[in-house]
>>> print(open('target_34.cif').read())   # mmCIF, C-alpha atoms
data_query
#
loop_
_atom_site.label_atom_id
_atom_site.label_comp_id
_atom_site.auth_asym_id
_atom_site.auth_seq_id
_atom_site.Cartn_x
_atom_site.Cartn_y
_atom_site.Cartn_z
CA ASP A 335 115.70 206.98 74.22
CA VAL A 336 114.47 203.39 74.68
CA LYS A 337 110.65 203.38 74.64
CA VAL A 338 109.73 199.68 74.76
CA THR A 339 111.93 197.69 77.08
CA GLN A 340 112.07 193.93 77.23
CA SER A 341 113.72 192.86 80.45
CA SER A 342 115.62 189.84 79.17
CA ARG A 343 117.52 189.79 75.88
CA TYR A 344 118.60 186.17 76.11
CA LEU A 345 117.14 183.34 78.18
CA VAL A 346 117.86 179.64 78.35
CA LYS A 347 115.25 177.49 80.06
CA ARG A 348 114.54 173.79 80.46
CA THR A 349 111.47 171.96 79.21
CA GLY A 350 108.62 172.26 81.71
CA GLU A 351 109.87 175.44 83.36
CA LYS A 352 107.59 178.43 83.80
CA VAL A 353 108.91 181.43 81.89
CA PHE A 354 108.05 185.09 82.34
CA LEU A 355 108.86 187.66 79.65
CA GLU A 356 108.39 191.23 80.78
CA CYS A 357 107.74 194.29 78.62
CA VAL A 358 107.45 197.91 79.72
CA GLN A 359 106.65 200.95 77.58
CA ASP A 360 106.98 204.59 78.58
CA MET A 361 104.87 206.18 75.84
CA ASP A 362 101.48 205.89 77.59
CA HIS A 363 100.24 203.60 74.81
CA GLU A 364 96.93 201.83 75.22
CA ASN A 365 97.73 198.86 72.98
CA MET A 366 100.38 196.25 73.68
CA PHE A 367 101.27 193.15 71.70
CA TRP A 368 103.39 190.01 71.93
CA TYR A 369 104.75 188.46 68.73
CA ARG A 370 107.12 185.63 68.08
CA GLN A 371 109.49 185.71 65.11
CA ASP A 372 110.74 182.54 63.45
CA PRO A 373 112.70 181.99 60.21
CA GLY A 374 110.35 181.15 57.38
CA LEU A 375 107.30 182.17 59.38
CA GLY A 376 107.85 185.86 60.04
CA LEU A 377 106.10 187.63 62.93
CA ARG A 378 103.08 185.89 64.41
CA LEU A 379 100.76 187.50 66.94
CA ILE A 380 100.43 185.61 70.23
CA TYR A 381 98.32 187.93 72.41
CA PHE A 382 97.41 191.57 72.55
CA SER A 383 95.79 193.98 74.97
CA TYR A 384 93.84 197.18 74.34
CA ASP A 385 93.50 198.17 77.98
CA VAL A 386 94.57 197.32 81.50
CA LYS A 387 93.37 193.85 82.60
CA MET A 388 92.12 193.22 79.09
CA LYS A 389 93.57 190.60 76.75
CA GLU A 390 92.70 189.02 73.44
CA LYS A 391 94.09 185.97 71.70
CA GLY A 392 96.15 186.46 68.59
CA ASP A 393 96.86 183.88 65.94
CA ILE A 394 98.96 181.45 68.01
CA PRO A 395 97.94 181.71 71.71
CA GLU A 396 98.30 178.02 72.57
CA GLY A 397 100.82 177.43 75.33
CA TYR A 398 100.94 181.10 76.32
CA SER A 399 99.14 183.44 78.67
CA VAL A 400 99.51 187.16 79.38
CA SER A 401 99.01 189.63 82.17
CA ARG A 402 98.41 193.36 82.04
CA GLU A 403 97.97 194.76 85.55
CA LYS A 404 99.32 198.22 84.69
CA LYS A 405 99.03 200.25 81.51
CA GLU A 406 102.76 200.33 80.90
CA ARG A 407 103.50 196.64 81.54
CA PHE A 408 102.55 193.55 79.53
CA SER A 409 103.88 190.15 80.52
CA LEU A 410 104.01 186.97 78.48
CA ILE A 411 103.91 183.71 80.42
CA LEU A 412 104.87 180.25 79.24
CA GLU A 413 103.28 177.98 81.84
CA SER A 414 105.34 174.94 80.86
CA ALA A 415 108.01 175.71 78.31
CA SER A 416 108.51 173.34 75.40
CA THR A 417 111.26 173.11 72.79
CA ASN A 418 108.92 174.36 70.05
CA GLN A 419 108.66 177.63 71.95
CA THR A 420 112.32 178.37 71.24
CA SER A 421 112.05 181.66 69.36
CA MET A 422 112.58 185.41 69.30
CA TYR A 423 109.80 187.15 71.22
CA LEU A 424 108.96 190.73 70.37
CA CYS A 425 106.83 193.09 72.41
CA ALA A 426 105.24 196.14 70.79
CA SER A 427 102.94 198.98 71.75
CA SER A 428 100.80 201.57 69.97
CA PHE A 429 98.26 204.28 70.57
CA PHE A 430 94.59 203.44 70.36
CA LEU A 431 93.43 205.55 67.45
CA GLY A 432 89.74 204.95 67.75
CA GLN A 433 87.37 203.12 65.45
CA GLY A 434 88.38 203.52 61.86
CA ALA A 435 90.91 206.20 62.73
CA GLY A 436 93.94 204.95 60.95
CA ALA A 437 97.04 202.81 60.81
CA ASN A 438 98.14 200.98 63.93
CA VAL A 439 101.80 201.98 64.04
CA LEU A 440 103.75 199.71 66.35
CA THR A 441 106.86 200.52 68.35
CA PHE A 442 108.85 197.37 69.07
CA GLY A 443 111.24 196.37 71.78
CA ALA A 444 114.62 194.85 70.99
CA GLY A 445 113.36 191.31 71.47
CA SER A 446 113.94 188.42 73.88
CA ARG A 447 115.61 185.35 72.44
CA LEU A 448 114.38 182.29 74.32
CA THR A 449 116.00 178.87 74.02
CA VAL A 450 114.20 175.91 75.59
CA LEU A 451 116.37 172.83 76.09
CA GLN B 1280 98.22 179.82 51.98
CA LYS B 1281 99.67 182.78 53.86
CA GLU B 1282 97.70 186.02 53.82
CA VAL B 1283 100.88 187.95 53.03
CA GLU B 1284 103.67 186.56 50.86
CA GLN B 1285 107.14 188.08 50.80
CA ASP B 1286 110.27 186.74 49.11
CA PRO B 1287 112.70 186.09 51.99
CA GLY B 1288 115.79 186.59 49.85
CA PRO B 1289 118.55 186.98 50.75
CA LEU B 1290 119.10 189.89 48.37
CA SER B 1291 122.61 191.22 47.82
CA VAL B 1292 123.26 194.39 45.80
CA PRO B 1293 126.20 196.77 45.24
CA GLU B 1294 126.19 200.19 46.83
CA GLY B 1295 124.24 202.70 44.74
CA ALA B 1296 121.86 200.13 43.25
CA ILE B 1297 118.09 200.55 43.12
CA VAL B 1298 116.43 197.94 45.30
CA SER B 1299 112.89 196.67 44.84
CA LEU B 1300 111.20 194.78 47.66
CA ASN B 1301 107.74 193.30 47.14
CA CYS B 1302 104.81 191.68 48.90
CA THR B 1303 101.59 190.17 47.65
CA TYR B 1304 98.49 189.59 49.73
CA SER B 1305 95.17 187.83 49.51
CA ASN B 1306 92.89 189.77 51.89
CA SER B 1307 91.17 192.52 49.93
CA ALA B 1308 90.06 194.14 53.22
CA PHE B 1309 93.59 195.36 53.99
CA GLN B 1310 93.62 199.15 53.94
CA TYR B 1311 96.89 200.19 55.60
CA PHE B 1312 100.24 199.09 54.31
CA MET B 1313 103.49 199.47 56.17
CA TRP B 1314 107.16 198.73 55.78
CA TYR B 1315 109.31 197.98 58.80
CA ARG B 1316 113.08 197.73 58.86
CA GLN B 1317 114.83 195.38 61.27
CA TYR B 1318 118.54 195.55 61.90
CA SER B 1319 120.34 192.50 63.22
CA ARG B 1320 119.58 191.83 66.92
CA LYS B 1321 117.07 194.70 67.04
CA GLY B 1322 113.31 195.01 66.95
CA PRO B 1323 111.55 196.21 63.77
CA GLU B 1324 111.09 199.95 63.32
CA LEU B 1325 108.53 201.65 61.10
CA LEU B 1326 109.96 202.94 57.83
CA MET B 1327 106.87 204.06 55.93
CA TYR B 1328 103.13 203.56 55.76
CA THR B 1329 100.48 204.26 53.15
CA TYR B 1330 96.71 204.17 53.05
CA SER B 1331 94.95 202.46 50.17
CA SER B 1332 96.49 202.63 46.68
CA GLY B 1333 99.13 205.04 45.49
CA ASN B 1334 102.71 206.09 46.04
CA LYS B 1335 104.49 207.70 48.96
CA GLU B 1336 108.03 209.02 48.89
CA ASP B 1337 110.40 209.75 51.76
CA GLY B 1338 113.92 210.62 50.76
CA ARG B 1339 115.48 207.62 49.02
CA PHE B 1340 112.48 205.41 49.84
CA THR B 1341 109.27 205.05 47.81
CA ALA B 1342 106.34 202.86 48.81
CA GLN B 1343 103.80 201.78 46.21
CA VAL B 1344 100.46 200.08 46.72
CA ASP B 1345 98.40 198.51 43.94
CA LYS B 1346 95.21 197.25 45.57
CA SER B 1347 93.78 195.99 42.27
CA SER B 1348 96.72 193.57 41.98
CA LYS B 1349 97.08 193.07 45.76
CA TYR B 1350 100.74 194.00 45.46
CA ILE B 1351 102.94 196.42 47.38
CA SER B 1352 106.51 197.49 46.79
CA LEU B 1353 109.28 199.38 48.52
CA PHE B 1354 111.95 200.98 46.34
CA ILE B 1355 115.28 202.13 47.73
CA ARG B 1356 117.29 204.48 45.50
CA ASP B 1357 121.06 204.94 45.80
CA SER B 1358 121.24 202.10 48.30
CA GLN B 1359 123.82 202.39 51.10
CA PRO B 1360 125.55 199.77 53.28
CA SER B 1361 123.54 201.21 56.19
CA ASP B 1362 120.39 199.98 54.42
CA SER B 1363 121.49 196.39 55.06
CA ALA B 1364 118.69 194.94 57.17
CA THR B 1365 115.59 192.78 56.98
CA TYR B 1366 112.58 194.57 55.52
CA LEU B 1367 109.12 193.45 56.60
CA CYS B 1368 105.88 194.43 54.96
CA ALA B 1369 102.81 194.65 57.18
CA MET B 1370 99.15 195.31 56.53
CA SER B 1371 95.99 195.84 58.49
CA VAL B 1372 92.26 196.15 58.30
CA VAL B 1373 90.58 198.60 60.64
CA GLU B 1374 88.56 196.83 63.31
CA THR B 1375 86.30 198.29 65.96
CA SER B 1376 88.86 197.95 68.73
CA GLY B 1377 91.99 198.83 66.77
CA SER B 1378 94.04 197.42 63.94
CA ARG B 1379 95.92 194.15 63.96
CA LEU B 1380 98.92 193.85 61.70
CA THR B 1381 99.68 190.90 59.47
CA PHE B 1382 103.37 190.68 58.59
CA GLY B 1383 105.24 189.22 55.67
CA GLU B 1384 108.16 186.92 56.33
CA GLY B 1385 110.73 189.65 55.72
CA THR B 1386 113.39 190.11 53.02
CA GLN B 1387 117.02 190.13 54.10
CA LEU B 1388 118.94 192.82 52.18
CA THR B 1389 122.72 193.30 52.06
CA VAL B 1390 124.21 196.35 50.35
CA ASN B 1391 127.87 195.79 49.58
CA PRO B 1392 130.30 198.74 49.59
#
>>> encode(input="target_34.cif", output="structure tokens")
Amino acid sequence: DVKVTQSSRYLVKRTGEKVFLECVQDMDHENMFWYRQDPGLGLRLIYFSYDVKMKEKGDIPEGYSVSREKKERFSLILESASTNQTSMYLCASSFFLGQGAGANVLTFGAGSRLTVL
Amino acid sequence: QKEVEQDPGPLSVPEGAIVSLNCTYSNSAFQYFMWYRQYSRKGPELLMYTYSSGNKEDGRFTAQVDKSSKYISLFIRDSQPSDSATYLCAMSVVETSGSRLTFGEGTQLTVNP
């Protein structure tokens, strides 16, 4: 029944390491998103993608990059992890409804909790 | 100032109570309003969404939107221990390439048996 799968639930990395967070959806959704969730700050959009090989910056893209080589897979990359990137990372996907068509209803994965030491 | 403000709680109520969860916002361009529920160690899941102003009811849940006051609410009637979760409001404008959501901080609710 799982529709958005995040490969790692818990990760512990060291400062300066390169980190890959993988997300796969099986609903044939066009849109995919990466958020981070922090106490007191809520969910903040890092990057999103409306199509294969397409990406757009969200509200807090600094220190992150993404890759979308296949429709069902959206990867978040931390080139050089830092302690302030310790957080819960949430992947989500949705259908593309077309211009002005309606609400963008997201389906979320269970999250990946990253700790950077 | 945040675009969407939500009281983080925590909110603790007895079973059977009526719960009111609220968000205020500053962007008058928001047109779609959603409530997500997030259980501990899980991702958020959509509970309800509404378009523009008005009310929407789904079982024990009622969502209200007052665009003139830039205020949205979620009411839970006859609250149950299984309603214990964090509730996040979310809103969006409709852009040419899709709709980006702006989330509130989330309110942590505990319903005590």
>>> atom_distance(input="target_34.cif", atom1="atom CA of A:Val338", atom2="atom CA of A:Gly443")
4.7 Å
>>> residues_around(input="target_34.cif", residues="stretch 1320-1335 of chain B", least_positions_apart="6", cutoff="6 Å", atoms="all atoms listed in the file", output="list in words")
Phe442, Gly443, Ala444 and Gly445 of chain A; Gln1310, Tyr1311, Phe1312, Met1313, Trp1314, Thr1341, Ala1342, Gln1343, Val1344, Asp1345 and Lys1346 of chain B
>>> closest_residue(input="target_34.cif", among="A:Ser341, A:Ser428, A:Gln371, A:Thr349", to="A:Ser383", atoms="only C-alpha atoms")
A:Ser428
>>> resolve_selection(input="target_34.cif", expression="the PyMOL selection byres ((chain A) within 10 of (chain B))", output="compact mmCIF listing (two decimals) with C-alpha atoms, in the coordinates of the input")
# COMPACT_ATOMS: atom_id res chain seq x y z
CA VAL A 338 109.73 199.68 74.76
CA ARG A 343 117.52 189.79 75.88
CA ASN A 365 97.73 198.86 72.98
CA PHE A 367 101.27 193.15 71.70
CA GLN A 371 109.49 185.71 65.11
CA ASP A 372 110.74 182.54 63.45
CA PRO A 373 112.70 181.99 60.21
CA GLY A 374 110.35 181.15 57.38
CA LEU A 375 107.30 182.17 59.38
CA GLY A 376 107.85 185.86 60.04
CA LEU A 377 106.10 187.63 62.93
CA ARG A 378 103.08 185.89 64.41
CA LEU A 379 100.76 187.50 66.94
CA PHE A 382 97.41 191.57 72.55
CA TYR A 384 93.84 197.18 74.34
CA GLY A 392 96.15 186.46 68.59
CA ASP A 393 96.86 183.88 65.94
CA MET A 422 112.58 185.41 69.30
CA TYR A 423 109.80 187.15 71.22
CA LEU A 424 108.96 190.73 70.37
CA CYS A 425 106.83 193.09 72.41
CA ALA A 426 105.24 196.14 70.79
CA SER A 428 100.80 201.57 69.97
CA PHE A 429 98.26 204.28 70.57
CA PHE A 430 94.59 203.44 70.36
CA LEU A 431 93.43 205.55 67.45
CA GLY A 432 89.74 204.95 67.75
CA GLN A 433 87.37 203.12 65.45
CA GLY A 434 88.38 203.52 61.86
CA ALA A 435 90.91 206.20 62.73
CA GLY A 436 93.94 204.95 60.95
CA ALA A 437 97.04 202.81 60.81
CA ASN A 438 98.14 200.98 63.93
CA VAL A 439 101.80 201.98 64.04
CA LEU A 440 103.75 199.71 66.35
CA THR A 441 106.86 200.52 68.35
CA PHE A 442 108.85 197.37 69.07
CA GLY A 443 111.24 196.37 71.78
CA ALA A 444 114.62 194.85 70.99
CA GLY A 445 113.36 191.31 71.47
CA SER A 446 113.94 188.42 73.88
CA ARG A 447 115.61 185.35 72.44
>>> closest_residue(input="target_34.cif", among="B:Ala1364, B:Ala1308, B:Val1390, B:Ile1351", to="B:Ser1291", atoms="only C-alpha atoms")
B:Val1390
>>> atom_distance(input="target_34.cif", atom1="atom CA of A:Glu356", atom2="atom CA of A:Ile411")
8.8 Å
>>> closest_residue(input="target_34.cif", among="A:Arg348, A:Lys337, A:His363, A:Arg370", to="A:Glu406", atoms="only C-alpha atoms")
A:His363
>>> resolve_selection(input="target_34.cif", expression="the PyMOL selection byres ((chain A and resi 353) around 10)", output="PyMOL selection string")
chain A and resi 345-348+350-352+354-356+398+410-415+448+450
>>> closest_residue(input="target_34.cif", among="A:Ser342, A:Asp362, A:Cys357, A:Ser427", to="A:Ser401", atoms="all atoms listed in the file")
A:Cys357
>>> atom_distance(input="target_34.cif", atom1="atom CA of B:Lys1349", atom2="atom CA of B:Ser1299")
16.2 Å
>>> resolve_selection(input="target_34.cif", expression="the PyMOL selection byres ((chain B and resi 1363) around 6)", output="ChimeraX atom specification")
/B:1360-1362,1364,1388-1390
>>> decode(input="target_34.cif", residues="stretch 1284-1316 of chain B", atoms="N, CA, C and O atoms", output="CSV table (one decimal), in the first residue's frame")
chain,number,residue,atom,x,y,z
B,1284,GLU,N,0.7,31.4,9.9
B,1284,GLU,CA,0.9,31.3,11.3
B,1284,GLU,C,0.0,30.2,11.9
B,1284,GLU,O,-1.2,30.3,11.7
B,1285,GLN,N,0.6,29.3,12.7
B,1285,GLN,CA,-0.2,28.3,13.4
B,1285,GLN,C,0.3,28.1,14.8
B,1285,GLN,O,1.5,28.0,15.0
B,1286,ASP,N,-0.6,28.1,15.7
B,1286,ASP,CA,-0.2,27.9,17.1
B,1286,ASP,C,0.3,26.4,17.3
B,1286,ASP,O,-0.5,25.5,17.0
B,1287,PRO,N,1.5,26.3,17.7
B,1287,PRO,CA,2.1,24.9,17.8
B,1287,PRO,C,1.6,24.0,18.9
B,1287,PRO,O,1.8,22.8,18.9
B,1288,GLY,N,0.8,24.6,19.8
B,1288,GLY,CA,0.4,23.9,21.0
B,1288,GLY,C,1.5,23.6,21.9
B,1288,GLY,O,2.4,24.5,22.1
B,1289,PRO,N,1.6,22.5,22.6
B,1289,PRO,CA,0.7,21.4,22.4
B,1289,PRO,C,-0.7,21.6,23.0
B,1289,PRO,O,-0.9,22.4,23.9
B,1290,LEU,N,-1.7,20.9,22.4
B,1290,LEU,CA,-3.1,21.0,22.9
B,1290,LEU,C,-3.5,19.6,23.4
B,1290,LEU,O,-3.3,18.6,22.7
B,1291,SER,N,-4.0,19.6,24.6
B,1291,SER,CA,-4.4,18.3,25.3
B,1291,SER,C,-5.9,18.4,25.7
B,1291,SER,O,-6.3,19.4,26.4
B,1292,VAL,N,-6.7,17.5,25.2
B,1292,VAL,CA,-8.1,17.6,25.5
B,1292,VAL,C,-8.6,16.2,25.9
B,1292,VAL,O,-8.0,15.2,25.6
B,1293,PRO,N,-9.7,16.1,26.6
B,1293,PRO,CA,-10.3,14.8,27.0
B,1293,PRO,C,-11.1,14.2,25.8
B,1293,PRO,O,-11.6,15.0,25.0
B,1294,GLU,N,-11.2,12.9,25.8
B,1294,GLU,CA,-12.0,12.2,24.8
B,1294,GLU,C,-13.4,12.8,24.7
B,1294,GLU,O,-14.0,13.1,25.8
B,1295,GLY,N,-13.9,13.0,23.5
B,1295,GLY,CA,-15.2,13.5,23.3
B,1295,GLY,C,-15.3,15.0,23.2
B,1295,GLY,O,-16.4,15.6,22.8
B,1296,ALA,N,-14.2,15.7,23.5
B,1296,ALA,CA,-14.2,17.2,23.4
B,1296,ALA,C,-14.3,17.7,21.9
B,1296,ALA,O,-13.9,16.9,21.0
B,1297,ILE,N,-14.7,18.9,21.8
B,1297,ILE,CA,-14.7,19.6,20.4
B,1297,ILE,C,-13.3,20.3,20.4
B,1297,ILE,O,-13.0,21.1,21.3
B,1298,VAL,N,-12.6,20.0,19.3
B,1298,VAL,CA,-11.3,20.6,19.1
B,1298,VAL,C,-11.3,21.7,18.0
B,1298,VAL,O,-11.9,21.4,17.0
B,1299,SER,N,-10.7,22.8,18.2
B,1299,SER,CA,-10.6,23.8,17.2
B,1299,SER,C,-9.1,24.1,16.9
B,1299,SER,O,-8.4,24.5,17.9
B,1300,LEU,N,-8.8,24.0,15.7
B,1300,LEU,CA,-7.4,24.2,15.3
B,1300,LEU,C,-7.4,25.4,14.3
B,1300,LEU,O,-8.3,25.4,13.4
B,1301,ASN,N,-6.5,26.3,14.3
B,1301,ASN,CA,-6.6,27.5,13.5
B,1301,ASN,C,-5.3,27.9,12.9
B,1301,ASN,O,-4.2,27.6,13.4
B,1302,CYS,N,-5.4,28.6,11.8
B,1302,CYS,CA,-4.3,29.2,11.1
B,1302,CYS,C,-4.7,30.6,10.6
B,1302,CYS,O,-5.8,30.8,10.1
B,1303,THR,N,-3.7,31.5,10.6
B,1303,THR,CA,-3.9,32.8,9.9
B,1303,THR,C,-2.8,32.9,8.9
B,1303,THR,O,-1.8,32.2,8.9
B,1304,TYR,N,-3.1,33.7,7.9
B,1304,TYR,CA,-2.2,33.9,6.8
B,1304,TYR,C,-2.2,35.3,6.3
B,1304,TYR,O,-3.1,36.1,6.6
B,1305,SER,N,-1.1,35.7,5.5
B,1305,SER,CA,-1.0,37.0,5.1
B,1305,SER,C,-1.1,37.2,3.6
B,1305,SER,O,-1.4,38.3,3.1
B,1306,ASN,N,-1.0,36.1,2.8
B,1306,ASN,CA,-1.0,36.2,1.4
B,1306,ASN,C,-2.4,36.1,0.9
B,1306,ASN,O,-3.0,35.0,0.9
B,1307,SER,N,-3.0,37.2,0.4
B,1307,SER,CA,-4.4,37.2,0.0
B,1307,SER,C,-4.6,36.4,-1.3
B,1307,SER,O,-5.7,36.1,-1.8
B,1308,ALA,N,-3.5,36.0,-2.0
B,1308,ALA,CA,-3.6,35.2,-3.2
B,1308,ALA,C,-3.8,33.7,-3.0
B,1308,ALA,O,-4.1,33.0,-3.9
B,1309,PHE,N,-3.7,33.3,-1.8
B,1309,PHE,CA,-4.0,31.9,-1.5
B,1309,PHE,C,-5.4,31.5,-1.8
B,1309,PHE,O,-6.4,32.3,-1.5
B,1310,GLN,N,-5.6,30.4,-2.6
B,1310,GLN,CA,-7.0,30.1,-3.0
B,1310,GLN,C,-7.4,28.7,-2.5
B,1310,GLN,O,-8.6,28.4,-2.4
B,1311,TYR,N,-6.4,27.8,-2.3
B,1311,TYR,CA,-6.7,26.4,-1.8
B,1311,TYR,C,-6.1,26.3,-0.4
B,1311,TYR,O,-5.0,26.7,-0.1
B,1312,PHE,N,-6.9,25.6,0.4
B,1312,PHE,CA,-6.6,25.5,1.8
B,1312,PHE,C,-6.8,24.0,2.2
B,1312,PHE,O,-7.8,23.4,2.0
B,1313,MET,N,-5.7,23.5,2.8
B,1313,MET,CA,-5.7,22.1,3.2
B,1313,MET,C,-5.3,21.9,4.6
B,1313,MET,O,-4.7,22.7,5.2
B,1314,TRP,N,-5.8,20.8,5.1
B,1314,TRP,CA,-5.3,20.3,6.4
B,1314,TRP,C,-4.7,18.9,6.3
B,1314,TRP,O,-5.3,18.0,5.7
B,1315,TYR,N,-3.5,18.8,6.8
B,1315,TYR,CA,-2.8,17.5,6.8
B,1315,TYR,C,-2.7,17.0,8.3
B,1315,TYR,O,-2.6,17.8,9.2
B,1316,ARG,N,-2.8,15.7,8.4
B,1316,ARG,CA,-2.6,15.1,9.7
B,1316,ARG,C,-1.3,14.3,9.7
B,1316,ARG,O,-1.0,13.5,8.7
